[in-house]
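Structure file final14.txt with compact mmCIF, C-alpha atoms:
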# COMPACT_ATOMS: atom_id res chain seq x y z
CA MET R 1 -11.37 -9.44 -5.06
CA ASN R 2 -11.74 -10.48 -1.40
CA GLU R 3 -8.81 -10.94 0.94
CA PRO R 4 -8.64 -14.15 2.99
CA THR R 5 -9.98 -13.88 6.52
CA ASN R 6 -6.60 -14.98 7.88
CA HIS R 7 -5.08 -11.85 6.33
CA PRO R 8 -3.07 -9.95 9.01
CA LEU R 9 -5.40 -6.95 8.65
CA ALA R 10 -8.46 -9.15 9.28
CA ARG R 11 -6.84 -10.39 12.48
CA SER R 12 -6.06 -6.81 13.57
CA ILE R 13 -9.65 -5.70 12.94
CA ALA R 14 -11.03 -8.70 14.81
CA GLN R 15 -8.79 -7.93 17.76
CA ALA R 16 -9.75 -4.22 17.72
CA LEU R 17 -13.52 -4.85 17.56
CA GLY R 18 -13.73 -8.10 19.47
CA GLN R 19 -15.48 -9.78 16.55
CA GLU R 20 -14.42 -12.11 13.76
CA VAL R 21 -14.12 -10.90 10.17
CA ASP R 22 -16.01 -12.82 7.48
CA GLN R 23 -14.89 -10.83 4.44
CA LEU R 24 -12.35 -8.15 3.53
CA ARG R 25 -12.78 -6.37 0.19
CA PRO R 26 -10.48 -3.59 -1.10
CA LEU R 27 -12.13 -0.26 -1.97
CA HIS R 28 -10.90 2.61 -4.11
CA GLY R 29 -9.74 5.87 -2.57
CA GLY R 30 -7.86 7.09 0.45
CA CYS R 31 -4.48 8.81 0.36
CA LEU R 32 -3.77 7.73 3.91
CA GLY R 33 -3.43 4.00 3.46
CA GLU R 34 -5.40 1.15 1.90
CA VAL R 35 -9.20 1.11 2.31
CA TYR R 36 -11.34 -2.00 2.84
CA LEU R 37 -15.01 -2.86 3.22
CA VAL R 38 -15.21 -5.33 6.08
CA ALA R 39 -18.06 -7.81 6.67
CA LEU R 40 -18.20 -8.88 10.31
CA ARG R 41 -19.44 -12.21 11.68
CA ASP R 42 -22.63 -10.59 13.09
CA GLY R 43 -23.58 -9.24 9.63
CA ASP R 44 -22.51 -5.64 10.20
CA ARG R 45 -20.22 -3.90 7.73
CA VAL R 46 -17.49 -1.43 8.60
CA VAL R 47 -14.75 0.37 6.68
CA ALA R 48 -11.09 -0.04 7.63
CA LYS R 49 -8.03 1.93 6.60
CA ALA R 50 -4.55 0.48 7.05
CA ASP R 51 -1.38 2.57 6.79
CA ASP R 52 1.90 0.65 6.50
CA ARG R 53 4.10 3.65 5.70
CA PRO R 54 7.13 4.39 7.92
CA ARG R 55 5.25 7.25 9.63
CA PRO R 56 1.55 6.33 9.69
CA GLN R 57 -0.90 9.06 10.72
CA LEU R 58 -4.41 7.63 10.70
CA THR R 59 -5.10 9.07 14.16
CA VAL R 60 -5.12 12.50 12.48
CA GLU R 61 -8.03 11.45 10.27
CA ALA R 62 -9.79 9.98 13.29
CA TYR R 63 -9.38 13.29 15.14
CA MET R 64 -10.86 15.24 12.22
CA LEU R 65 -13.86 12.92 11.89
CA ARG R 66 -14.56 13.14 15.62
CA TYR R 67 -14.19 16.93 15.49
CA LEU R 68 -16.77 17.20 12.71
CA ALA R 69 -19.12 14.82 14.51
CA GLU R 70 -18.90 16.98 17.64
CA HIS R 71 -19.06 20.43 16.01
CA SER R 72 -21.33 19.94 12.97
CA ARG R 73 -24.24 17.93 11.59
CA LEU R 74 -22.31 16.50 8.65
CA PRO R 75 -22.98 12.77 8.16
CA VAL R 76 -19.43 11.59 8.85
CA PRO R 77 -18.48 8.01 9.74
CA GLN R 78 -18.29 7.14 13.42
CA VAL R 79 -14.79 6.18 14.50
CA LEU R 80 -14.85 2.71 16.09
CA HIS R 81 -11.11 2.21 16.54
CA ALA R 82 -8.09 4.35 15.78
CA THR R 83 -4.34 3.90 15.92
CA ASP R 84 -1.75 5.41 13.61
CA ARG R 85 -1.77 2.19 11.54
CA LEU R 86 -5.45 1.16 11.68
CA LEU R 87 -8.67 3.18 11.48
CA VAL R 88 -12.05 1.42 11.65
CA MET R 89 -15.24 3.37 10.92
CA THR R 90 -18.92 2.75 10.40
CA HIS R 91 -19.91 2.05 6.81
CA LEU R 92 -22.12 4.74 5.23
CA PRO R 93 -24.49 3.97 2.32
CA GLY R 94 -24.58 5.81 -0.99
CA GLU R 95 -22.41 6.57 -4.00
CA SER R 96 -20.64 9.60 -5.43
CA ARG R 97 -23.37 10.52 -7.90
CA PHE R 98 -25.56 13.56 -7.25
CA SER R 99 -29.00 14.58 -8.37
CA PRO R 100 -29.97 18.27 -8.19
CA ALA R 101 -31.82 17.49 -4.95
CA ALA R 102 -28.68 15.90 -3.46
CA GLU R 103 -26.57 18.91 -4.45
CA ALA R 104 -29.11 21.24 -2.81
CA HIS R 105 -29.00 19.11 0.35
CA LEU R 106 -25.21 19.26 0.31
CA ALA R 107 -25.44 23.06 0.09
CA GLU R 108 -27.59 23.11 3.22
CA LEU R 109 -25.10 20.93 5.09
CA ILE R 110 -22.07 22.98 4.01
CA ALA R 111 -23.77 26.31 4.71
CA ALA R 112 -24.50 25.06 8.24
CA LEU R 113 -20.90 23.89 8.59
CA HIS R 114 -19.67 27.34 7.56
CA ASP R 115 -21.86 28.87 10.27
CA VAL R 116 -19.68 27.10 12.89
CA THR R 117 -17.13 29.65 14.05
CA GLY R 118 -13.81 29.51 15.87
CA PRO R 119 -11.59 31.92 17.82
CA ALA R 120 -9.26 32.59 14.86
CA PHE R 121 -8.10 31.07 11.58
CA GLY R 122 -6.41 27.69 11.89
CA LEU R 123 -7.16 24.94 14.40
CA GLU R 124 -6.11 23.64 17.80
CA ARG R 125 -3.67 21.24 16.08
CA ASP R 126 -2.06 20.64 12.71
CA THR R 127 -3.84 18.29 10.31
CA LEU R 128 -3.28 16.76 6.87
CA ILE R 129 -4.43 17.40 3.32
CA GLY R 130 -3.98 14.03 1.65
CA LEU R 131 -0.43 12.99 2.57
CA LEU R 132 0.74 16.55 3.20
CA PRO R 133 1.21 18.34 6.51
CA GLN R 134 -1.34 21.12 6.96
CA PRO R 135 -0.10 23.64 9.57
CA ASN R 136 -2.86 25.40 11.50
CA PRO R 137 -1.38 27.94 13.96
CA TRP R 138 -4.10 30.24 15.30
CA THR R 139 -3.88 33.44 13.24
CA ASP R 140 -6.02 36.58 13.54
CA SER R 141 -5.78 37.56 9.86
CA TRP R 142 -7.22 35.25 7.22
CA ILE R 143 -5.07 36.75 4.48
CA ASP R 144 -1.89 36.26 6.53
CA PHE R 145 -2.93 32.68 7.30
CA PHE R 146 -3.70 31.87 3.67
CA ARG R 147 -0.43 33.42 2.49
CA GLU R 148 1.92 31.79 5.03
CA GLN R 149 0.25 28.50 6.03
CA ARG R 150 -1.32 27.59 2.71
CA LEU R 151 0.31 29.12 -0.41
CA LEU R 152 3.90 29.61 0.73
CA HIS R 153 3.94 26.46 2.87
CA LEU R 154 3.03 24.21 -0.07
CA ALA R 155 5.07 26.12 -2.65
CA ARG R 156 8.20 25.65 -0.53
CA LEU R 157 7.34 21.99 0.02
CA ALA R 158 6.88 21.45 -3.73
CA VAL R 159 10.38 22.81 -4.38
CA GLU R 160 11.86 20.81 -1.50
CA TRP R 161 10.33 17.61 -2.90
CA GLY R 162 11.59 18.36 -6.41
CA LYS R 163 8.09 18.71 -7.88
CA MET R 164 8.36 22.39 -8.87
CA PRO R 165 11.22 24.70 -9.96
CA ALA R 166 12.46 27.39 -7.57
CA SER R 167 11.64 30.01 -10.20
CA LEU R 168 7.95 29.21 -9.78
CA LEU R 169 8.24 29.53 -6.00
CA ARG R 170 9.56 33.07 -6.52
CA ARG R 171 6.52 33.87 -8.65
CA VAL R 172 4.20 32.52 -5.94
CA GLN R 173 6.03 34.65 -3.35
CA ALA R 174 5.71 37.77 -5.50
CA MET R 175 1.98 37.20 -6.02
CA ALA R 176 1.36 36.32 -2.37
CA ALA R 177 2.84 39.65 -1.27
CA HIS R 178 -0.15 41.36 -2.92
CA LEU R 179 -3.04 39.22 -1.67
CA GLU R 180 -4.59 42.21 0.12
CA GLU R 181 -5.35 43.72 -3.28
CA TRP R 182 -7.74 40.85 -4.15
CA LEU R 183 -8.88 39.00 -1.04
CA GLU R 184 -11.18 40.06 1.78
CA GLU R 185 -11.19 39.31 5.50
CA PRO R 186 -14.42 37.47 6.39
CA GLU R 187 -16.61 38.59 9.28
CA ARG R 188 -15.56 35.53 11.27
CA PRO R 189 -13.65 32.26 10.81
CA SER R 190 -15.74 29.35 9.48
CA LEU R 191 -15.18 25.64 10.00
CA ILE R 192 -14.55 23.97 6.62
CA HIS R 193 -14.25 20.36 5.52
CA GLY R 194 -11.20 21.26 3.44
CA ASP R 195 -11.28 18.49 0.79
CA LEU R 196 -14.77 18.45 -0.68
CA TRP R 197 -14.78 16.81 -4.08
CA THR R 198 -16.80 14.09 -5.75
CA THR R 199 -15.39 10.93 -4.17
CA ASN R 200 -15.46 12.36 -0.63
CA VAL R 201 -19.25 12.74 -0.70
CA LEU R 202 -21.93 10.01 -0.83
CA ALA R 203 -25.59 10.39 -1.77
CA GLN R 204 -28.67 8.21 -1.94
CA GLY R 205 -32.24 9.05 -2.88
CA GLY R 206 -31.62 12.76 -3.31
CA ARG R 207 -29.96 13.12 0.12
CA ILE R 208 -26.33 13.27 1.24
CA THR R 209 -25.57 10.14 3.26
CA GLY R 210 -21.84 10.46 3.89
CA ILE R 211 -18.99 12.97 3.90
CA LEU R 212 -15.50 11.49 4.12
CA ASP R 213 -11.76 12.26 4.30
CA PRO R 214 -11.76 15.75 5.87
CA ALA R 215 -8.89 18.25 6.04
CA ILE R 216 -10.47 20.62 8.56
CA TYR R 217 -9.58 24.05 9.87
CA TYR R 218 -11.24 27.45 10.39
CA ALA R 219 -11.00 29.55 7.23
CA HIS R 220 -12.76 31.89 4.86
CA PRO R 221 -15.59 29.70 3.48
CA GLU R 222 -14.75 30.88 -0.04
CA ILE R 223 -11.70 28.60 -0.13
CA GLU R 224 -14.06 25.62 0.27
CA LEU R 225 -16.41 26.85 -2.45
CA ALA R 226 -13.51 27.46 -4.82
CA TYR R 227 -12.23 23.91 -4.45
CA MET R 228 -15.71 22.51 -5.03
CA GLN R 229 -15.69 24.21 -8.43
CA LEU R 230 -12.08 23.41 -9.39
CA PHE R 231 -12.79 19.93 -10.76
CA HIS R 232 -16.47 20.62 -11.49
CA SER R 233 -17.47 18.33 -8.62
CA PHE R 234 -20.66 20.27 -7.90
CA GLY R 235 -22.65 22.65 -10.08
CA GLN R 236 -25.48 25.14 -10.18
CA PRO R 237 -27.93 23.28 -7.91
CA PHE R 238 -25.34 23.42 -5.12
CA PHE R 239 -24.33 27.05 -5.61
CA ARG R 240 -27.88 28.29 -6.13
CA ARG R 241 -29.02 26.81 -2.79
CA TYR R 242 -25.84 27.85 -0.94
CA GLN R 243 -26.26 31.42 -2.21
CA GLU R 244 -29.78 31.49 -0.77
CA LEU R 245 -28.45 30.51 2.65
CA ARG R 246 -25.11 32.33 2.69
CA PRO R 247 -24.79 35.02 -0.01
CA ILE R 248 -21.46 34.95 -1.86
CA ARG R 249 -19.92 38.39 -2.27
CA PRO R 250 -19.38 39.79 -5.79
CA GLY R 251 -16.05 38.99 -7.42
CA PHE R 252 -15.71 35.46 -6.09
CA PHE R 253 -16.48 33.61 -9.32
CA GLN R 254 -14.59 36.11 -11.48
CA LEU R 255 -11.38 36.41 -9.43
CA ARG R 256 -11.09 35.12 -5.90
CA GLN R 257 -11.88 31.48 -6.64
CA ARG R 258 -8.87 31.33 -8.98
CA ILE R 259 -6.58 32.66 -6.25
CA TYR R 260 -7.94 30.25 -3.65
CA ASN R 261 -7.54 27.31 -6.00
CA LEU R 262 -3.80 27.83 -6.04
CA TYR R 263 -3.81 25.94 -2.72
CA PRO R 264 -5.34 22.67 -4.03
CA LEU R 265 -3.32 23.04 -7.23
CA LEU R 266 -0.11 23.27 -5.18
CA SER R 267 -1.31 20.29 -3.15
CA HIS R 268 -1.68 18.33 -6.40
CA VAL R 269 1.77 19.50 -7.50
CA CYS R 270 3.23 18.04 -4.28
CA HIS R 271 1.27 14.80 -4.64
CA PHE R 272 1.50 14.27 -8.41
CA GLY R 273 3.63 16.94 -10.14
CA GLY R 274 3.13 16.86 -13.90
CA GLY R 275 0.48 19.04 -15.47
CA TYR R 276 -0.50 20.66 -12.19
CA VAL R 277 2.72 22.70 -12.36
CA GLN R 278 1.43 24.23 -15.60
CA SER R 279 -1.92 24.94 -13.94
CA VAL R 280 -0.13 26.94 -11.24
CA GLU R 281 1.89 28.77 -13.88
CA ARG R 282 -1.24 29.68 -15.84
CA THR R 283 -2.99 31.07 -12.77
CA LEU R 284 0.03 33.16 -11.83
CA ALA R 285 0.32 34.49 -15.38
CA TRP R 286 -3.39 35.35 -15.39
CA LEU R 287 -2.79 37.39 -12.22
CA GLY R 288 0.16 39.16 -13.83
CA TYR R 289 2.96 37.16 -12.25

Would you mind writing the file's structure down as structure tokens?
Amino acid sequence: MNEPTNHPLARSIAQALGQEVDQLRPLHGGCLGEVYLVALRDGDRVVAKADDRPRPQLTVEAYMLRYLAEHSRLPVPQVLHATDRLLVMTHLPGESRFSPAAEAHLAELIAALHDVTGPAFGLERDTLIGLLPQPNPWTDSWIDFFREQRLLHLARLAVEWGKMPASLLRRVQAMAAHLEEWLEEPERPSLIHGDLWTTNVLAQGGRITGILDPAIYYAHPEIELAYMQLFHSFGQPFFRRYQELRPIRPGFFQLRQRIYNLYPLLSHVCHFGGGYVQSVERTLAWLGY
């Protein structure tokens, strides 16, 4: 269903771009606000996000897209206009359906992304994962960073927001105290997208045409690979090609991916609650906690 061109958002987009809007059509997706496909008077199409919450933060997404455009060769949208309440980007073709060739191309792009290194783990500023704050203080140890800024940060937030019982937080804390027994420090920090799942990737003709909605920081690349498997977003064609380019150390598929996936599971607990709490409990029980 199209919105009328006198819609307040259409007027804001026209003012931002200096061009009239012919059509405004809602799209699915986007935690940070409503998403629209916008047809402009000159025939071009752009994508707009509008955030009407009390504390809008669309400039964070704009920062992350610009960072990826500057530091990687991922096909991310170009930011045309950004304020906390309105983000306008170029429209990228494709859909979230992947042939084996597209998955192999994605592996090449992500392997190259993971070759981008930083001075430590974290980032020069805090970012977001969905609607959640993602703290990124520069940290020399990956395991310390993952424990404090990922697992414990979200577990405490889940309890504070009433999405998880305090007893489960104590189990997360007990498990996190022993991360050194299972996890490894990588040779160097790698830049990751941070939220790679089906609807954040577009493909066309066996090639990846768009990568959207990042949650970037410098990390162990295994945390990215684990999330890509969590909801079965990408399969053997991806992992076979990635392994050729960046060998995955033994033990990842058997153990470490389950530990790393506690972070997106806790993110889903904070966002949605419900069955994701049981998923966290099952992982902790599997680890002996």

Quiz item: In Å to one decimal, how far is atom CA of Tyr36 of chain R from atom CA of Leu86 of chain R?
Solution: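 Rounded to one decimal, the two atoms are 11.1 Å apart.
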
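If only C-alpha atoms are the atoms counted, then among R:Tyr289, R:Tyr242, R:Phe121, R:Tyr263 the closest residue to Asp144 of chain R is R:Phe121.
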
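Polymer residues near (-18.5, 2.4, 11.3): counting only C-alpha atoms with a cut-off of 8 Å, they are Arg45, Val46, Val47, Pro77, Gln78, Val79, Leu80, Val88, Met89, Thr90, His91 and Leu92 of chain R.
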
Exercise. Select, counting all atoms listed in the file, all protein, DNA and RNA residues no farther than 9 Å from (-5.8, -1.9, 0.1) in file coordinates, and express the selection as a VMD selection string.
Key: chain R and resid 25 to 28 33 to 36 49 to 50

Practice problem: Tell me, in Å to one decimal, how far atom CA of His114 of chain R is from atom CA of Arg73 of chain R. | Solution: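 Between atom CA of His114 of chain R and atom CA of Arg73 of chain R the gap works out to 11.2 Å.
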
Quiz prompt | Nearest candidate to Gly130 of chain R (options R:Ile259, R:Ile143, R:Val60, R:Ala10; using all atoms listed in the file) | solution =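 Among the listed residues, the smallest separation from Gly130 of chain R belongs to R:Val60.
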
Quiz prompt | Distance of atom CA of Ser99 of chain R from atom CA of Phe234 of chain R, expressed in Å to one decimal place | solution =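 Going from atom CA of Phe234 of chain R over to atom CA of Ser99 of chain R, I get 10.1 Å.
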
Quiz item: Quick one: residues within 9 Å of Gln19 of chain R, all atoms listed in the file counted, chain neighbours fewer than 3 positions away excluded, as a ChimeraX atom specification?
Solution: /R:13-16,40-42

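With all atoms listed in the file as the basis for measurement, R:Arg207 is the residue among R:Arg171, R:Arg207, R:His81, R:Arg53 that approaches Gly94 of chain R most closely.
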
Exercise. Please provide as a list in words all residues within 10 Å of Leu230 of chain R, with the sequence filter that same-chain residues fewer than 2 positions apart are discarded (counting all atoms listed in the file).
Key: Trp197, Leu225, Ala226, Tyr227, Met228, His232, Ser233, Phe234, Gln257, Arg258, Tyr260, Asn261, Leu262, Pro264 and Leu265 of chain R

Exercise. May I have the residues within 12 Å of Gly274 of chain R as a ChimeraX atom specification, using all atoms listed in the file and disregarding those fewer than 4 positions away in the same chain?
Key: /R:158,162-165,265-266,268-270,278-281

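With all atoms listed in the file as the atoms that count, the residue of R:Leu68, R:Met175, R:Ala102, R:Val159 with the shortest distance to Val277 of chain R is R:Val159.
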
Self-check item: Of the listed residues R:Gly206, R:Gly275, R:Gly118, R:Gly43, that which approaches Asp22 of chain R most closely, counting all atoms listed in the file
Solution: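 With all atoms listed in the file as the atom set, the closest residue is R:Gly43.
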
Practice problem: Choose the residue, out of R:Asp51, R:Glu180, R:Glu20, R:Asp115, that has the smallest atom-to-atom separation from His71 of chain R; count only C-alpha atoms. | Solution: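 That would be R:Asp115, the residue with the smallest distance to His71 of chain R.
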
Axis-aligned box for segment 44-47 of chain R, 4 Å per side, centre and edges in Å as JSON:
{"center_x": -18.6, "center_y": -2.6, "center_z": 8.4, "size_x": 15.8, "size_y": 14.0, "size_z": 11.5}
